[in-house]
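Asks: Questions regarding the structure given below will be posed in turn.
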There are 2 protein chains.
Amino acid sequence: MTKHTIILQPSGRRGQVEEGTSVRTAARELGVEIESICAENATCGKCMVLIEEGRFEKYNIDSKREHLSPVSIEEANYFKRRPKLLKDKGWEVGQVRLSCQCRIRGDVLINVPEESRGNKQIVRKTARERQIEIKPAIRKYLVSMSPPTLERPIADWERLAKGLETSMALVRGEEEKLPRWHELKIDYQCLRTLSKTLREAKWNVTVSVWNDREVIQVQPGYVEDSYGAAVDIGSTTVALYLCNLRTGELLAAESEMNPQIVYGEDVMSRIQYTIEHPDGLEKLHKAIIATLNKLLKQAVKTANMSFPVGDDVRAQTKQSPDNREALLEQEIASDDGLDTAGEHRLLDQRPRNGISTEDILEMVLVGNSTMHHLVLNLPPKDLGLAPFVPAIHESIDVKARELGIQINPSGNVHVLPTIASFVGADTSAMILAEEPHKQDENWLLIDVGTNAELVLGNRKRLVCTSTPTGPALEGAHVEYGMRAAPGAIERVHIDEKTLEPRYKIVGEEEWNSGKAKGICGSAIIDAVAELFRAEIVDSRGRFRKELKSKRVREGEAGWEYVIAWAEETSIGRDIPITQQDVRQIQLAKAALFTAARTLLKRMNLQSPDKIILAGGFGSYIDKEKAMLIGLIPDCPLENVYAVGNAAGDGARIALLNIEKRNEIDSVTRKVERFELPTDPEFQNQFMLATSFPHMSEPFPHIAHLIPHRKADPMAKNFMK
Amino acid sequence: MTKHTIILQPSGRRGQVEEGTSVRTAARELGVEIESICAENATCGKCMVLIEEGRFEKYNIDSKREHLSPVSIEEANYFKRRPKLLKDKGWEVGQVRLSCQCRIRGDVLINVPEESRGNKQIVRKTARERQIEIKPAIRKYLVSMSPPTLERPIADWERLAKGLETSMALVRGEEEKLPRWHELKIDYQCLRTLSKTLREAKWNVTVSVWNDREVIQVQPGYVEDSYGAAVDIGSTTVALYLCNLRTGELLAAESEMNPQIVYGEDVMSRIQYTIEHPDGLEKLHKAIIATLNKLLKQAVKTANMSFPVGDDVRAQTKQSPDNREALLEQEIASDDGLDTAGEHRLLDQRPRNGISTEDILEMVLVGNSTMHHLVLNLPPKDLGLAPFVPAIHESIDVKARELGIQINPSGNVHVLPTIASFVGADTSAMILAEEPHKQDENWLLIDVGTNAELVLGNRKRLVCTSTPTGPALEGAHVEYGMRAAPGAIERVHIDEKTLEPRYKIVGEEEWNSGKAKGICGSAIIDAVAELFRAEIVDSRGRFRKELKSKRVREGEAGWEYVIAWAEETSIGRDIPITQQDVRQIQLAKAALFTAARTLLKRMNLQSPDKIILAGGFGSYIDKEKAMLIGLIPDCPLENVYAVGNAAGDGARIALLNIEKRNEIDSVTRKVERFELPTDPEFQNQFMLATSFPHMSEPFPHIAHLIPHRKADPMAKNFMK
């Protein structure tokens, strides 16, 4: 066979391919995936490429030879129906080709535009930038069948499965290990409406296949997109992300309070509720399912508000009845056996005015182990009782209809794996999003809520643990605590000479302007750090009563430092940080610090190479201040990252890429879990960790903030 | 390694095995499966063998050597608790051993008693005798886990899966391709109660696994048996067989009228009902599901009435509290690390007073294509409209809970494949039961109801078709037709000289005695054949009006032949066979005959080597008479078999042997379907076939019955 050289831009891949190979197949052979959804029928246009050199018409290098097969009637018709597309892009037919149709006859240089590239990637910005390939569990295939006849009365499912086998092979390429038609399955509920749909659709349907095995939706005509939801169920907040499974696009992000909060503020009290009430589990389960269904409806509404007007293909087939004639003309003109179904194939590209919850074909769920159990209706009792055992670690797929989740009833709910009783599927998702298991460096991942989960390690070994931190780090149970809303003090600075504060209020541009209403979480960390740095509290966290400042005083509930005087507030009362507030932060940071230290010890490390702070906590605090009070271990400040809702990100990644599910299943199987010890020696260490660090030795990276301090022998002892 | 010779009786298998191999493993290596359910823990006793020569104690050939390892404490204890067993069988310990415990140290001759043999077989008598291996989809494994601790707080499911992996490997042997623990799945509904069950069972459970993959039931302690139901849904009658999945034993056979009959007598009128009524499908579906649930309850009741009193193991653990002490003693005495769970393992062998529908872990369903669609809640519309297409051919597994079938909700309903619109899963089951696809000869299988399905062929090729036969062959729509109950004439003989009849009545010993009430199906075939043989009707089926017999007369509805005079009956009226009755039989036999002839032609055959008649029809008719009137093609009479409910048998086979399911899936994929033609030429052939055969040439095997007949040129023409 004659071979020709083909070069693909922008990847620069090149190689020899046999004459007669289609450009799409040639590209695949060279490792460049080009999209296609119509089973190479020249109808979807997903596989458009630009011929840079060696084009048939104008630009061919050697005019005596045809470097590509001429534009076929189908191709010409495809572009004829899309004059706007060509005009907008400034392309002309011949320069732009359908890569499934044109065949190699000589050397060519081809440009694959971004929109035609298969395995699309979305960029995620995190500790480092990285790309996520779009490889969803759900894929759509157009299947055109010849209708049954008395001579060939093969059953509907087998007819579809055989057509699907062909479409899958064409779209995915033969090197993929795809099932034969009789290995394909159809979800039972989907089977129930199959016969009706096939006939209504005149045997041209788009089939959604889950995991290359199971047909879960059959839609009339040509349908391009399908949708999925990624959900992070927190004890306090439930966040749902609606995504386009083909493009990875985020269409809506919705959140709601977790309704279970009325049955108990933290996980332990909710577990307790299920133990004490015979219908407790059922109540908590139904409450969260109702919220998921509410969020799904909201997300669909949001997505539809911003839903793009149908692209030109849709607009054409929707608006111009004369296109039907054009199509019929094409059918008549066509000589290569496009079956009569070809007409319906295009006519049935029903324009959609929006998406419905039925179009959501999969949901990926993450949450801590208790949320995991409650959403799956599994009794959480043993999560809360020694030896603290979950019902299941492995990820699980449950039909949405079994859980009453109102996506497509044939769709699956994929729940990420849990690691331990207090290290749940949210931690698995965080690992998936941040990928410590792919690093040579040692990374410390911390997700803080009322409970903190910590993961430390690298590609060889990951260890994890969890610790209760109390509500203080989230700004709760603090005397004047409030959420980060207008009027909340969000930043605090204390002059170490005058002991006078400066503060910034949410919604105000300037420091020390506006009326304060309370203190939000970040300001509490700030304030405690500043109290320590200005030596208003000592290294044990006690107020120094000898100070000559009217801001340091004995209040009703003990000693306190006034940040804002009554006249500077909108509530008409002084806003202080109390001894009690400082204590709470001390306990929380001691818990977090000893947990981190336990893991570092297990890994034989002095400090991590990078610290990743996940969750809202990480985003709002000043990482320098956090390190100053010893909330996080010592580490170069530029290597401390706040990544936001990493659990939600991980859920989205698992939704968009099925290979990532196997990856996290396998990683979590190997993560080593450590329970924090409970012996007196450990308790002692914990108490020592309530002190603030105050010398350059153990925390060199914040030493410049407290250059005047002398080493405290006790603290030295602790850091050993 | 030293090797020793081992001989296994009664199979006579022999070979060399390595010293130290357990007898059970050695037997497996030599191709002899020995039962075991306790994962080789010396608790189930399923693996007992008798040492014929080379025994440790008495019978060892060479007293200097030990041919088997000595009886262990566990083994001794096992037998100590079963004195009755030893006494009844006349065995002594040492002669009888647990093959999982004793290890080869020298040459031995071993007898594997019937009850210890694995892959048990049930014998099915049919066209030929054959054995069905018991290889159910459901297998049970005893799994004993160490409870979770703070140090090893692995989740419940993973703990179970790991234990199960071990048990499966021990019970099934390593050569089987069994899944690793993380490839095992647990049904979602089963997972919901897992944590509770494991703790209540003190970590000793019996796990039921479906298809070597999915855990569908977890029961406390040691449970030996599980159950399954095989169901044949006929248009008229629904038959359910309850089986023990371990032994294959049939525990109950129940049947009920198909409740859908009120919506339409035959399949076409039921299909019509679903088309005409919006809720028609739902009604028909719910009706059959309700009947299945009723049959399940009845079957369980029947099985429990005859349920054997607990075997000696059960009796022992149930009745003798002092055995607990014996067991504890054993635990203390034992030195080989039987974990403390060992105690519960035996104590938890809860005696069962019977089985419940929850214990039924699988159902296999067969039925014609319409029954198949209705039970699966699939719209049957296209089964009844050209081009007559089912929704699905392939077999399908649906969770019982999705269908509302009240077996264990995690259990599956396996529905056998359909072949065509009028050749359903009942025909698949018939093929599975009779195995024409394994023959060198050409077999013709006929299942007759109001519709007849025919399958013809051999191991190389199978062809099939179906034809409506009307209700006459089932004895319906016949003037004095009735079912085979006391008073029904079941046999008729007519003297060809005197034209006087003799008849036999159901329930009477003697011919011509008793009072007749009507004619049942078999007597109608008999009577028509005799009318023809005695030349009372001619070869076209017309009464010969010239005959001098008062029995042949013109009645109210045309000519007729009186079988019983009014005074011989209990109804006080003459009981005749009418011209109309004869016509109906002629039409039915013409339909059946042309269908058979079409298949024979396709296979290029003159006649089949064997004819298998399935269904009630085959059992009650006189096959000689059937051949005389041309109801079935010519064939040596000794090669015509009536096999009863072959569809029900096939369902049972599929229930008891999972490999048979793959077999029938693959066979039905290859069966060639032929629709009977509808052209005028075929219509003409059909009309010719209404004639009775009357010469020795085409039907040599019944020629002796009508030696005096002359060839009819028209019939000769037809047979060409």
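For the structure tokens, the naming scheme is as follows: chains receive sequential letters (A, B, ...) according to their order of presentation, residues are indexed from 1 within each chain, and ligands are indexed from 1 in presentation order.
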Stretch 253-255 of chain A: which residues within 7 Å, counting only C-alpha atoms, same-chain residues fewer than 4 positions away excluded, as number ranges by chain?
Replies: A: 237-242, 295, 299
Asks: Store the residues picked out above, limited to C-alpha atoms, as an mmCIF file, in the first residue's frame.
Replies:
data_model
loop_
_atom_site.group_PDB
_atom_site.id
_atom_site.type_symbol
_atom_site.label_atom_id
_atom_site.label_comp_id
_atom_site.auth_asym_id
_atom_site.auth_seq_id
_atom_site.Cartn_x
_atom_site.Cartn_y
_atom_site.Cartn_z
ATOM 1 C CA THR A 237 -24.336 22.979 53.157
ATOM 2 C CA VAL A 238 -25.239 20.913 50.119
ATOM 3 C CA ALA A 239 -23.707 22.073 46.836
ATOM 4 C CA LEU A 240 -24.811 20.795 43.429
ATOM 5 C CA TYR A 241 -23.033 21.416 40.122
ATOM 6 C CA LEU A 242 -24.870 20.783 36.866
ATOM 7 C CA LEU A 295 -31.395 21.585 43.961
ATOM 8 C CA ALA A 299 -30.040 23.953 38.669
#
Asks: Can you tell me which residues surround A:Asp107 at a distance of at most 9 Å, considering only C-alpha atoms, apart from same-chain residues fewer than 4 positions away, and format the answer as a PyMOL selection string?
Replies: chain A and resi 3-7+16+53-54+67-68
Asks: Which of stretch 578-624 of chain B end up as alpha helix (DSSP H) when DSSP is run on this backbone - answer as number ranges by chain?
Replies: B: 579-602, 615-620, 623-624
Asks: Go ahead and save the picked residues with N, CA and C atoms, as a compact mmCIF listing (two decimals), in the first residue's frame.
Replies:
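Listed below is the output, selection_13.txt:
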# COMPACT_ATOMS: atom_id res chain seq x y z
N GLN B 579 -70.15 -33.04 12.04
CA GLN B 579 -69.36 -32.61 10.87
C GLN B 579 -68.49 -31.41 11.24
N GLN B 580 -69.05 -30.52 12.07
CA GLN B 580 -68.34 -29.31 12.50
C GLN B 580 -67.08 -29.68 13.32
N ASP B 581 -67.23 -30.68 14.20
CA ASP B 581 -66.09 -31.13 15.00
C ASP B 581 -64.99 -31.67 14.10
N VAL B 582 -65.41 -32.48 13.12
CA VAL B 582 -64.44 -33.08 12.19
C VAL B 582 -63.71 -31.97 11.44
N ARG B 583 -64.46 -30.97 10.97
CA ARG B 583 -63.89 -29.84 10.23
C ARG B 583 -62.83 -29.10 11.07
N GLN B 584 -63.16 -28.89 12.33
CA GLN B 584 -62.22 -28.17 13.21
C GLN B 584 -60.91 -28.92 13.34
N ILE B 585 -61.04 -30.25 13.53
CA ILE B 585 -59.82 -31.06 13.65
C ILE B 585 -59.05 -31.02 12.34
N GLN B 586 -59.77 -31.03 11.22
CA GLN B 586 -59.10 -30.97 9.92
C GLN B 586 -58.31 -29.68 9.75
N LEU B 587 -58.92 -28.56 10.16
CA LEU B 587 -58.23 -27.27 10.02
C LEU B 587 -56.99 -27.22 10.91
N ALA B 588 -57.16 -27.72 12.13
CA ALA B 588 -56.04 -27.70 13.07
C ALA B 588 -54.90 -28.57 12.57
N LYS B 589 -55.23 -29.74 12.10
CA LYS B 589 -54.17 -30.66 11.67
C LYS B 589 -53.53 -30.17 10.38
N ALA B 590 -54.32 -29.50 9.53
CA ALA B 590 -53.76 -28.94 8.30
C ALA B 590 -52.74 -27.86 8.65
N ALA B 591 -53.09 -27.03 9.63
CA ALA B 591 -52.19 -25.96 10.04
C ALA B 591 -50.88 -26.56 10.55
N LEU B 592 -51.01 -27.53 11.44
CA LEU B 592 -49.85 -28.15 12.04
C LEU B 592 -49.02 -28.87 10.98
N PHE B 593 -49.72 -29.56 10.09
CA PHE B 593 -49.02 -30.36 9.10
C PHE B 593 -48.27 -29.48 8.10
N THR B 594 -48.90 -28.40 7.62
CA THR B 594 -48.21 -27.54 6.66
C THR B 594 -47.04 -26.82 7.32
N ALA B 595 -47.20 -26.49 8.60
CA ALA B 595 -46.08 -25.86 9.32
C ALA B 595 -44.91 -26.83 9.37
N ALA B 596 -45.19 -28.07 9.74
CA ALA B 596 -44.13 -29.08 9.83
C ALA B 596 -43.51 -29.30 8.46
N ARG B 597 -44.38 -29.35 7.44
CA ARG B 597 -43.90 -29.60 6.10
C ARG B 597 -42.99 -28.46 5.62
N THR B 598 -43.37 -27.21 5.95
CA THR B 598 -42.56 -26.06 5.57
C THR B 598 -41.16 -26.19 6.17
N LEU B 599 -41.10 -26.57 7.44
CA LEU B 599 -39.79 -26.70 8.10
C LEU B 599 -38.99 -27.85 7.48
N LEU B 600 -39.68 -28.98 7.23
CA LEU B 600 -39.00 -30.14 6.64
C LEU B 600 -38.40 -29.76 5.28
N LYS B 601 -39.18 -29.02 4.49
CA LYS B 601 -38.71 -28.56 3.19
C LYS B 601 -37.46 -27.70 3.34
N ARG B 602 -37.49 -26.78 4.31
CA ARG B 602 -36.36 -25.89 4.56
C ARG B 602 -35.10 -26.68 4.89
N GLY B 615 -46.27 -30.40 25.98
CA GLY B 615 -47.53 -29.85 26.46
C GLY B 615 -48.53 -30.96 26.76
N GLY B 616 -49.64 -30.57 27.35
CA GLY B 616 -50.68 -31.52 27.74
C GLY B 616 -51.15 -32.32 26.53
N PHE B 617 -51.33 -31.65 25.41
CA PHE B 617 -51.77 -32.24 24.16
C PHE B 617 -51.04 -33.54 23.84
N GLY B 618 -49.73 -33.47 23.87
CA GLY B 618 -48.92 -34.64 23.53
C GLY B 618 -49.16 -35.80 24.47
N SER B 619 -49.48 -35.48 25.73
CA SER B 619 -49.61 -36.54 26.73
C SER B 619 -50.92 -37.29 26.61
N TYR B 620 -51.97 -36.59 26.18
CA TYR B 620 -53.27 -37.28 26.22
C TYR B 620 -53.67 -37.95 24.92
N LYS B 623 -50.80 -41.43 19.85
CA LYS B 623 -49.94 -40.93 18.78
C LYS B 623 -50.18 -41.64 17.45
N GLU B 624 -50.64 -42.89 17.52
CA GLU B 624 -50.94 -43.62 16.30
C GLU B 624 -52.12 -42.97 15.57
Asks: Show me which bits of chain B are within 7 Å of chain A, counting only C-alpha atoms, as a ChimeraX atom specification.
Replies: /B:148-150,153-158,188,192,195,377-378,386-393,398
